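Engineer: Here it is, the structure in full.
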Amino acid sequence: MKQIELLAPAKDLECGIAAIGCGADAVYIGAEKFGARAEAGNRLQDIEKLIEFAHKFNVKIYATVNTIFNNNEILEAQRLINRLYKMGTDAVLIQDIGLLEHDLPPIPLIASTQMHNNTWQKVEFLEKVGFKRAILARELSIDEIKEIRAKTNKIELEFFIHGALCVSYSGQCYMSYAMGGRSGNRGVCAQPCRKSYSLSDSAGNVLIKNKYLLCLKDLNLFAHIRELIDAGITSFKIEGRLKDVNYVKNVVSFYRQKIDDALYNMNKVAKCEKFRKSSSGKSIIDFKPDPYKTFNRGYTDYFINGRKKEIASFDTPKSVGERIGKITNFDGRSFTLDNKTKLNNGDGICFLDEKGELAGTSVSKVENGKIYPNDPMAIRKNIVVYRNFDHEFIKKLKADNITRKIRVKLKFSDENDDIVLYAIDEDGIEVQNRMKIGKELELAKNKEMMLDTIKNQLGKLGDTDFEVSDIKIDLKNIYFIPLKMLNNFRRETVEKLEQKRVDEYTRETVAIEKNDFPYPEKKLTYLGNVLNEFAEKFYKRHGVEQIEPAAESGIDMNGKKVMTTKHCLKYQLGFCQNYNRSNIGKIGNAKEPFYLTDEQGKRYLLKFDCKNCVMDIIF
């Protein structure tokens, strides 16, 4: 059976445990240093606790060490990876290829999306030099993923399925660094893409003023799970290492259900390859997951099935939540909606005000179908209202009634002079516990009552990690067994099973062997992100002849490209020469070149590479 993985983010230990409880097959978490989200670092002691918890369910833990390093830092990063390996980490995500010039432990390496894994040639190269997995660029289409899968062999393919989108190709954005020295490739991006900009033409005409022109909606690919599995994706990744625990609970639970449904339907098809999730246990939740009820800027499926227009969030970079309805009446204090969606006291609502900016307030009370906002100042008739904080839903999430249970079958029998309890779990791991039939055990006077007692007590697995799926009683003689003795017998058996699961958990190991397989390019500019001598040595060994140092080395960025994005403003505005040719001229007689101007008055030149269908931003 082919294993499919749901990969969840963890800001911290609490989020990691919640993700596992809600059904994640694997969790990725930032180490103490060197993660692409510097604010989401974690103590190694906490990662070790998460590993211990995860491995009980065959859940894997991946640590992120995916920034680029200077010469001194890379040695520290090597030591960190060794410590992560010794504590049981299943894999590490890296960006800096210079690490492969060092003696690393035999821990599987995952090529971060920061490595710009956007072609089959790059992914093939990663496979040849020893990477276990590549996280593909989010901009890829189904057909491009299929091509990568067809032209590579064993390397695993991971793909983002949900969450915030970087507008630039990951690893290829230098805007934050050029503006203020905060490098995304060093884990401290200032997110200039979430700021407002004005668009002007060569004559200085302002075409669009103060809109969030580089801000994308959030990714949501739940409707494409089966397509992605067919294309070769085996790990489905949720973005969100800076998101809170409620986001993790809701989104992980949602995708657990969607992936389980997809696998069930695929497995029903005769003569097809069979699939299963890669971990053990079933998540039990008491809420209905809904991705619109946690942070989102609206959703897009991005470029999965080609270019589409509605991928941007020009009006706001903030969470809008779920659409509630349009206001049909407003009396100055309360309003009514055009549908019967229930709002509750304490809900947060938002809407676009008269200036086209996002405004919001909370609900004070709901009475006789009328909704009373705490601040009615910006409310007006006919505006569309969104709920970005669902008070009752969040209360359910915080109640934490979430468990994950491994199914186990029990068999209770007597063999010779022993009473034996067999336990075999859903992974086929089996233990047995034996108790001598001593003189203190007498034959039961009420056999039926004793059989019921045995069955009831054996099934009480309580707050353990197991739930009984079947109990078989196979006794030749039915003895009266005191409750305390029966409960201890059951508890000892479960403890044996828990320990055996720990003992039989095996990590995959992958030893890197240096080779000289040719890199697909002979020249690397600053876009190659080579910041240390070890990365330079690696690429030269693999046939690269010219290597320019990374932007973060201190090179002058004036006049250089600081972003490459498939989000094209010419296309979005309807005057792209490859698409919508009939709409050219929609915004008047605007002439290229076009410019973006930020809130501080800094102007950026836009260049359009129509052959490759991308837009470049020049500093």
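Chain identifiers are assigned as A, B, and so on, following the order in which chains appear in the structure tokens; residues are numbered from 1 within each chain, and ligands are numbered from 1 in order of appearance.
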Considering only C-alpha atoms, return as a short mmCIF file (atom, residue, chain, number, x, y, z; two decimals) with C-alpha atoms, in the first residue's frame whatever protein or nucleic-acid residues lie within 8 Å of Val363 in chain A, sequence-local ones (same chain, fewer than 6 positions apart) excluded.

Structural biologist:
```cif
data_model
loop_
_atom_site.label_atom_id
_atom_site.label_comp_id
_atom_site.auth_asym_id
_atom_site.auth_seq_id
_atom_site.Cartn_x
_atom_site.Cartn_y
_atom_site.Cartn_z
CA LEU A 343 -24.60 35.27 14.72
CA ASN A 344 -23.83 35.12 18.45
CA ASN A 345 -22.85 37.58 21.14
CA GLY A 346 -19.10 38.11 21.00
CA ASP A 347 -18.71 37.28 17.29
CA GLY A 348 -16.30 39.45 15.31
CA ILE A 349 -17.57 40.85 12.01
CA ILE A 371 -27.96 42.16 15.16
CA TYR A 372 -26.62 44.90 17.42
CA PRO A 373 -22.94 45.76 16.76
CA ASN A 374 -20.77 47.32 19.45
#
```

Engineer: At a cut-off of 8 Å, using only C-alpha atoms, what residues contact range 41-55 of chain A? Leave out same-chain residues fewer than 3 positions from it and give the result as a VMD selection string.

Structural biologist: chain A and resid 11 to 13 16 to 17 20 29 to 33 35 37 to 38 58 to 61 84 87 to 89 502 505

Engineer: Residues of the last selection are to be written out with C-alpha atoms, as a compact mmCIF listing (two decimals), in the first residue's frame.

Structural biologist:
```txt
# COMPACT_ATOMS: atom_id res chain seq x y z
CA LYS A 11 4.52 26.84 16.31
CA ASP A 12 5.27 25.11 19.60
CA LEU A 13 4.79 21.91 21.60
CA GLY A 16 2.28 19.94 17.71
CA ILE A 17 0.35 17.80 20.19
CA ILE A 20 -1.32 14.92 16.21
CA ILE A 29 8.47 22.39 13.80
CA GLY A 30 11.21 25.00 14.08
CA ALA A 31 14.40 24.15 15.94
CA GLU A 32 16.15 26.57 18.29
CA LYS A 33 17.70 28.50 15.42
CA GLY A 35 14.24 28.17 10.76
CA ARG A 37 10.26 31.50 10.57
CA ALA A 38 12.70 32.87 13.14
CA ASN A 58 3.79 6.42 14.12
CA VAL A 59 3.66 10.16 13.49
CA LYS A 60 6.91 11.65 12.20
CA ILE A 61 8.55 14.87 13.38
CA LEU A 84 18.16 16.65 16.48
CA MET A 87 16.92 12.83 20.08
CA GLY A 88 14.89 10.96 17.45
CA THR A 89 13.90 13.55 14.82
CA VAL A 502 7.95 2.34 21.25
CA TYR A 505 9.26 2.24 16.01
```

Engineer: Report as a list of chain:residue names: the residues of range 462-583 of chain A with a DSSP assignment of strand (DSSP E), based on the backbone of this structure.

Structural biologist: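 Here are the strand (DSSP E) residues of range 462-583 of chain A: A:Phe466, A:Glu467, A:Val468, A:Ser469, A:Asp470, A:Ile471, A:Lys472, A:Ile473, A:Asp474, A:Tyr479, A:Phe480, A:Lys523, A:Leu524, A:Gln546, A:Ile547, A:Lys561, A:Val562, A:Met563, A:Thr564, A:Thr565.
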
Engineer: Find the distance between CA of Asn329 in chain A and CA of Arg380 in chain A and write it in Å to one decimal.

Structural biologist: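 CA of Asn329 in chain A sits 8.2 Å away from CA of Arg380 in chain A.
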
Engineer: Ranking A:Ile429, A:Met557, A:Ala399, A:Val530 by minimum distance to Glu498 in chain A and counting only C-alpha atoms, which one comes first?

Structural biologist: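 Under the stated criterion, the closest residue is A:Ile429.
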
Engineer: Please provide the set of residues having any atom within 9 Å of Phe125 in chain A, restricted to only C-alpha atoms, with same-chain residues fewer than 4 positions apart removed, written as a ChimeraX atom specification.

Structural biologist: /A:120-121,129-131,517-520

Engineer: With a distance cut-off of 12 Å and only C-alpha atoms, select the neighbouring residues of Ala312 in chain A, excluding the residue or stretch itself and same-chain residues fewer than 3 positions from it, and output the selection as a PyMOL selection string.

Structural biologist: chain A and resi 164-167+193-194+211-219+297-302+308-309+315-317+566-569+571-573

Engineer: Just to be explicit: take each residue in the selection above, keep N, CA and C atoms, and write the result as a JSON list (two decimals), in the first residue's frame.

Structural biologist:
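Result file selection.json:
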```json
[["chain", "number", "residue", "atom", "x", "y", "z"],
["A", 164, "ALA", "N", -1.28, 30.47, 3.96],
["A", 164, "ALA", "CA", -0.81, 31.71, 3.35],
["A", 164, "ALA", "C", 0.13, 31.42, 2.19],
["A", 165, "LEU", "N", 0.07, 32.29, 1.18],
["A", 165, "LEU", "CA", 0.90, 32.15, 0.00],
["A", 165, "LEU", "C", 1.93, 33.28, -0.06],
["A", 166, "CYS", "N", 3.20, 32.92, -0.28],
["A", 166, "CYS", "CA", 4.19, 33.94, -0.63],
["A", 166, "CYS", "C", 3.93, 34.33, -2.08],
["A", 167, "VAL", "N", 3.84, 35.62, -2.34],
["A", 167, "VAL", "CA", 3.56, 36.06, -3.70],
["A", 167, "VAL", "C", 4.74, 35.77, -4.62],
["A", 193, "CYS", "N", 5.01, 42.33, 0.97],
["A", 193, "CYS", "CA", 3.93, 41.95, 0.05],
["A", 193, "CYS", "C", 2.56, 42.18, 0.67],
["A", 194, "ARG", "N", 2.49, 42.35, 1.98],
["A", 194, "ARG", "CA", 1.21, 42.61, 2.64],
["A", 194, "ARG", "C", 0.97, 44.10, 2.86],
["A", 211, "LYS", "N", -3.71, 50.19, -2.84],
["A", 211, "LYS", "CA", -4.32, 48.87, -2.74],
["A", 211, "LYS", "C", -3.21, 47.85, -2.44],
["A", 212, "TYR", "N", -3.64, 46.70, -1.95],
["A", 212, "TYR", "CA", -2.68, 45.65, -1.56],
["A", 212, "TYR", "C", -2.38, 44.79, -2.78],
["A", 213, "LEU", "N", -1.62, 45.37, -3.70],
["A", 213, "LEU", "CA", -1.48, 44.81, -5.05],
["A", 213, "LEU", "C", -0.63, 43.54, -5.09],
["A", 214, "LEU", "N", 0.14, 43.29, -4.03],
["A", 214, "LEU", "CA", 0.97, 42.08, -4.00],
["A", 214, "LEU", "C", 0.43, 41.05, -3.01],
["A", 215, "CYS", "N", -0.71, 41.33, -2.43],
["A", 215, "CYS", "CA", -1.27, 40.44, -1.39],
["A", 215, "CYS", "C", -2.14, 39.36, -2.03],
["A", 216, "LEU", "N", -1.81, 38.13, -1.77],
["A", 216, "LEU", "CA", -2.57, 37.00, -2.31],
["A", 216, "LEU", "C", -3.58, 36.49, -1.29],
["A", 217, "LYS", "N", -4.63, 35.89, -1.81],
["A", 217, "LYS", "CA", -5.53, 35.12, -0.96],
["A", 217, "LYS", "C", -4.79, 33.90, -0.42],
["A", 218, "ASP", "N", -5.42, 33.17, 0.44],
["A", 218, "ASP", "CA", -4.81, 31.97, 1.01],
["A", 218, "ASP", "C", -5.14, 30.74, 0.16],
["A", 219, "LEU", "N", -4.25, 29.77, 0.23],
["A", 219, "LEU", "CA", -4.38, 28.55, -0.56],
["A", 219, "LEU", "C", -5.36, 27.59, 0.08],
["A", 297, "ARG", "N", -7.72, 35.00, 4.12],
["A", 297, "ARG", "CA", -7.94, 36.23, 3.34],
["A", 297, "ARG", "C", -8.86, 35.96, 2.15],
["A", 298, "GLY", "N", -9.70, 34.96, 2.29],
["A", 298, "GLY", "CA", -10.38, 34.41, 1.12],
["A", 298, "GLY", "C", -9.49, 33.32, 0.56],
["A", 299, "TYR", "N", -10.05, 32.44, -0.26],
["A", 299, "TYR", "CA", -9.29, 31.28, -0.71],
["A", 299, "TYR", "C", -9.13, 31.24, -2.23],
["A", 300, "THR", "N", -8.04, 30.61, -2.64],
["A", 300, "THR", "CA", -7.75, 30.40, -4.05],
["A", 300, "THR", "C", -7.11, 29.03, -4.23],
["A", 301, "ASP", "N", -7.30, 28.43, -5.41],
["A", 301, "ASP", "CA", -6.54, 27.20, -5.71],
["A", 301, "ASP", "C", -5.29, 27.53, -6.54],
["A", 302, "TYR", "N", -4.98, 28.83, -6.65],
["A", 302, "TYR", "CA", -3.72, 29.33, -7.22],
["A", 302, "TYR", "C", -3.56, 28.85, -8.65],
["A", 308, "LYS", "N", -5.63, 31.80, -13.14],
["A", 308, "LYS", "CA", -6.96, 32.31, -12.88],
["A", 308, "LYS", "C", -6.85, 33.74, -12.35],
["A", 309, "LYS", "N", -7.95, 34.46, -12.46],
["A", 309, "LYS", "CA", -7.91, 35.88, -12.11],
["A", 309, "LYS", "C", -8.05, 36.13, -10.62],
["A", 315, "ASP", "N", -7.99, 44.29, -1.43],
["A", 315, "ASP", "CA", -8.64, 45.19, -0.47],
["A", 315, "ASP", "C", -8.05, 45.12, 0.93],
["A", 316, "THR", "N", -7.51, 43.97, 1.31],
["A", 316, "THR", "CA", -6.99, 43.84, 2.67],
["A", 316, "THR", "C", -6.01, 42.67, 2.78],
["A", 317, "PRO", "N", -5.00, 42.80, 3.64],
["A", 317, "PRO", "CA", -4.12, 41.68, 3.94],
["A", 317, "PRO", "C", -4.57, 40.91, 5.19],
["A", 566, "LYS", "N", 4.46, 34.75, -10.26],
["A", 566, "LYS", "CA", 3.49, 34.40, -11.30],
["A", 566, "LYS", "C", 2.23, 35.24, -11.19],
["A", 567, "HIS", "N", 2.10, 35.97, -10.09],
["A", 567, "HIS", "CA", 0.99, 36.91, -9.92],
["A", 567, "HIS", "C", 1.30, 38.13, -10.78],
["A", 568, "CYS", "N", 0.62, 38.26, -11.89],
["A", 568, "CYS", "CA", 0.94, 39.30, -12.87],
["A", 568, "CYS", "C", -0.15, 40.37, -12.86],
["A", 569, "LEU", "N", 0.26, 41.61, -12.61],
["A", 569, "LEU", "CA", -0.72, 42.69, -12.54],
["A", 569, "LEU", "C", -1.32, 43.01, -13.91],
["A", 571, "TYR", "N", -2.08, 40.81, -16.13],
["A", 571, "TYR", "CA", -3.15, 39.81, -16.29],
["A", 571, "TYR", "C", -4.33, 40.15, -15.38],
["A", 572, "GLN", "N", -4.03, 40.46, -14.12],
["A", 572, "GLN", "CA", -5.10, 40.73, -13.18],
["A", 572, "GLN", "C", -5.98, 41.91, -13.62],
["A", 573, "LEU", "N", -5.35, 42.89, -14.29],
["A", 573, "LEU", "CA", -6.09, 44.08, -14.72],
["A", 573, "LEU", "C", -6.68, 43.94, -16.11]]
```

Engineer: Looking at A:Glu101, A:Glu504, A:Glu536, A:Glu39, which one is nearest to Leu242 in chain A, with distances taken over only C-alpha atoms?

Structural biologist: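 Of the candidates, the smallest distance to Leu242 in chain A is held by A:Glu39.
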
Engineer: Hey, what does DSSP flag as alpha helix (DSSP H) within range 553-584 of chain A? Can you give it to me as a list in words?

Structural biologist: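 After running DSSP on the backbone, range 553-584 of chain A has alpha helix (DSSP H) at Leu569, Lys570, Tyr571 and Gln572 of chain A.
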
Engineer: Neighbouring residues of Leu458 in chain A were defined as those with any atom within 8 Å, considering only C-alpha atoms; residues of the same chain fewer than 3 positions away were excluded. Please report them as a list of chain:residue names.

Structural biologist: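 Counting only the stated atoms, we get A:Ile454, A:Lys455, A:Leu461, A:Leu486, A:Asn487, A:Arg490.
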
Engineer: So which one's closest to Ile74 in chain A, A:Asn558, A:Arg241, A:Tyr62, A:Leu100? Using only C-alpha atoms, please.

Structural biologist: A:Leu100

Engineer: Of the candidates A:Thr509, A:Ala231, A:His102, A:Ile225, which shows the shortest atom-to-atom distance to Asn265 in chain A, using only C-alpha atoms?

Structural biologist: A:Ile225

Engineer: Would you mind listing what lies within 8 Å of range 408-424 of chain A as an MDAnalysis selection string, with only C-alpha atoms counted and same-chain residues fewer than 5 positions away left out?

Structural biologist: chainID A and resid 429:437 466:477 490 493:494 497

Engineer: Range 446-452 of chain A: which residues within 7 Å, counting only C-alpha atoms, same-chain residues fewer than 3 positions away excluded, as a PyMOL selection string?

Structural biologist: chain A and resi 455-456+478+480

Engineer: Output the selection as a PDB file, in the first residue's frame - C-alpha atoms for each residue.

Structural biologist:
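What landed in result24.pdb:
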```
ATOM      1  CA  LYS A 455     -15.796  -8.104  28.910  1.00  0.00           C
ATOM      2  CA  ASN A 456     -16.759  -4.800  30.510  1.00  0.00           C
ATOM      3  CA  ILE A 478     -14.771 -19.554  33.941  1.00  0.00           C
ATOM      4  CA  PHE A 480     -14.235 -15.723  39.493  1.00  0.00           C
TER       5      PHE A 480
END
```

Engineer: Please measure the separation of CA of Tyr579 in chain A and CA of Asp609 in chain A, giving the value in Å to one decimal.

Structural biologist: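 We find that CA of Tyr579 in chain A and CA of Asp609 in chain A lie 13.7 Å from each other.
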
Engineer: Provide the CA of Arg491 in chain A to CA of Arg407 in chain A distance in Å, to one decimal place.

Structural biologist: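 Computing it gives 15.8 Å between the two atoms.
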